[in-house]
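*Asks:* Dropping a structure here in structure tokens format, bear with me for questions.
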Amino acid sequence: MLKLFTKDFWDVIARVILRNKIIILVAILATTIFFSQQWDNMRFTYTEANLLPDDHEVNIIYNDFLDVFGEEGNLIVLGVKDSTLFTVEKLNAWNNLTESFKNSSDAVESVISIKELQKLVKDTENEKFILEPFIKDSITSMAQIEVLENDLFKKYPFYDNFLFNKDTKTIRSAIYMNKAIVNTSARKDFVMDVLIPRVEAFEAKYDLDVRISGMPYIRTLNSTNIVDEIGLFIGAALLVTSIIFFFFFRSFRATFISLIVVCIGVMWTLGIIGLLNYEITVLTALIPPLIIVIGIPNCIFLINKYQHEVKLHGNKAKSLQRVITKIGNATLMTNVTTACGFATFILTESKLLKEFGLVASLSILSIFILCILIIPIIYSFLPYPKDRHLEHLNKRWIGGFVNWMERMVRQKRIAIYITSVILLVLSIIGVYQIKISGSLIEDMPQESEFVNDIRFFESEFNGIMPLEIMIDTKRKKGVMKLSTLKRMNELEDLILETPELSKPISVVGLVKYSKQAYYNGNTKFYQLPTSQENSFILSYAKNSTSSNDLLSNFVDSTGQYARITTFIKDVGTDRMERIQEDLQTKINKVFPKERYTVTMTGKALVFQKGTKYLVKNLAISLSLAILLIALFMAYMFRSGKMILISLIPNLLPLVITAGLMGYLGVPIKPSTILVFSIAFGISVDDTIHFLAKYRQELQANNWKIKTSVYGGALRETGVSMFYTSIVLFFGFSVFTISSFGGTVALGALVSATLLFAMLSNLLLLPSLLLSLERSIANKEVLREPSINIIPEEDDKEEF
């Protein structure tokens, strides 16, 4: 019976590929067409990434809030900080601008601006409150504006810090989007086709700088940037890797073939995303360029082996057969280990990471299949390589680097160990300085206009990201009890004292406003009513449809649930946790658990909790990756010591990278969390190539370790490790051109880790092998396993 992955197996695979070339090419073409048809199913994300599993307590609380009060992230705000706004022409134009959005009835639920601002006035005759507009028609004189300014900034504290900042005279308008479409493509249509063009036209005509923000607006521009960067990354990855590839091979033909392979791989990746009906997120957008970066080294190994074989014996058919049988298995194993690094994310509880891990691992296996099929088949149709195509095989320019590696391992082994220990100690110190970031906007393009607008609203109104507190009184109409209102007021006092939180909006403010209206608008009475006042003020409120309309925004229809809405600045995770702890302490003190259930939620809080959750998943996914690869090493070498030797050079770069993150102030966040599993899965490929070559050299040199390390593994495989590491280093570096801080950090950190891993595998790994030669250099420890990874002695790879 044919044993899987043995030499006989790969001989059969080679015959099948080379005897069925046309059928295989047609099958690849048909599969590519099928995947391209799935692109229509790709969906672009319209919400922030939810990093928590659906059944997590934080998500359950958030969904409970949405069930009671609906989507909380449907507010878009427009703001202007300019003294010239308070002129007849410009203020009327501003009111007309905000009024115009009411015409988009499908997208806009309501608009609140200065023009729609209502005064709550007591109607003594009918014993009720009525609403009167601040501006009845349009403004016709500066005298009206002066009255308006006096009313806004001095007489109505209920509206302060919501539609205006009385200290800086900043004015803003609120656009509440239809909750049914706020997380759909219709939101993008409104923002890009209606909101932005009208605002830009207004700015150009009246020379005013209008700031726009709010979660629907931020989500739209952020997702648009993600989509735009997919093409940028793919183009940059193709350009960088093709230039490096051409530099190594000096062949347009080989470069073009490699580009064909990775471009088909990208098409398959996008098709897999569409087939699975996954969204394009900030993570899945990274996979297409990743496939290019990972696919090019496969092409390097296969094409170089073919050219080496042709130069060796001149038989093209034999060369192609040996490419598949000798390199196919090694390339499969390295791609499997890389896929394992990504696949560990599938086992996490996060939907976002599961999707990323599944698509990435399937795509990596797909690019291997494409490489092993397309490259031999295309070369079978091409003429015999010319001498200029084979010149790079001399590799004289790399001789200095190889000699340096050998000299270091021979003469400076102690220095290598000392340097490794020093780096390890320093890195561990750095690890303890790493912080966790749960910021929603930290990874967004910091120089973009919409991020600057976020900072503007943070400065003027203390934040833009909603933090919601929901109070369940456990009884109908319990919210309007004076005791409940007083408890809510105590909690709001703490919110007002917290500089990172905006002025809270709740039923408490409306009740205070009602008392002020009862006393004919006197601002001294903007406070909760006493027990005596409460009955007759509430009787006015009950008779008023206008106040009931306002009440519906803060209290549910049964009167059992109330909400306190505040907005939080973009603060770090530590500060966010302290704010939450302070609020929770106050809640526990003010609201007895037997009478009230009070919960905190909101997008900012959910995202922060998700980041903390991901840190735990990082440890799980990385541990799984290490375990899987350790098992693979055990299967290859059947030796516990060899497992340890193989893991040390790959774990050390991860610790160094983590230490650098601590020293450079790069926090742990959803983007940088991926660095470790990705880098480990890729860097261990070098170890597999080196140890597999080392084992083959041991068998060929009668178990002489020094000869095997210096003459075989280090000089031959070391060069291939250098080549592929350079491709990977520059390939991942393309992510540093991103406008997203997290993507930049991911690219830079993975590149740095892979560079450290290359040096570690070329210096520390052979040093360990030589130092432990007596305990590992025997046939019992390194007996032949069932997987044949490296060529026979007469077919040595000389990459």
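Numbering starts fresh at 1 for the residues of each chain in the structure tokens, the chains themselves are lettered A, B, ... in the order given, and ligands are numbered from 1 as they appear.
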I need the residues of segment 79-223 of chain A that end up classed as helix (DSSP H, G or I) by DSSP on the backbone, written out as a VMD selection string.

*Replies:* chain A and resid 83 to 85 88 to 103 142 to 155 157 to 159 185 to 206 215 to 223

*Asks:* What's the 12 Å shell around Thr348 of chain A, counting only C-alpha atoms, without same-chain residues fewer than 2 positions away, as a list in words?

*Replies:*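 Selected residues are Leu51, Leu52, Pro53, Phe342, Ala343, Thr344, Phe345, Ile346, Ser350, Lys351, Leu352, Leu353, Lys354, Glu355, Phe356, Gly357, Leu358, Tyr613, Leu614, Val615, Lys616, Asn617, Leu618, Ala619, Ile620, Ser621, Leu622, Ser623 and Leu624 of chain A.
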
*Asks:* Hey, can you check how far atom CA of Gly509 of chain A sits from atom CA of Thr484 of chain A?

*Replies:* 13.3 Å

*Asks:* Separation of atom CA of Phe252 of chain A and atom CA of Gly731 of chain A, in Å?

*Replies:*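 Interatomic distance, atom CA of Phe252 of chain A to atom CA of Gly731 of chain A: 19.2 Å.
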
*Asks:* Please determine, counting only C-alpha atoms, which residue among A:Asn178, A:Thr140, A:Thr687, A:Ser223 has the shortest atom-to-atom distance to Ile76 of chain A.

*Replies:* A:Asn178

*Asks:* Name the residues in contact with Lys90 of chain A at a cut-off of 9 Å, using only C-alpha atoms, excluding same-chain residues fewer than 5 positions from it; report them as number ranges by chain.

*Replies:* A: 84-85, 95, 206, 208

*Asks:* Could you take the residues named above and write them with C-alpha atoms, as a compact mmCIF listing (two decimals), in the first residue's frame?

*Replies:*
```
# COMPACT_ATOMS: atom_id res chain seq x y z
CA THR A 84 -18.43 84.36 11.70
CA LEU A 85 -21.14 81.69 11.84
CA ASN A 95 -29.87 75.87 9.49
CA TYR A 206 -19.44 80.11 3.06
CA LEU A 208 -16.50 77.62 7.07
```
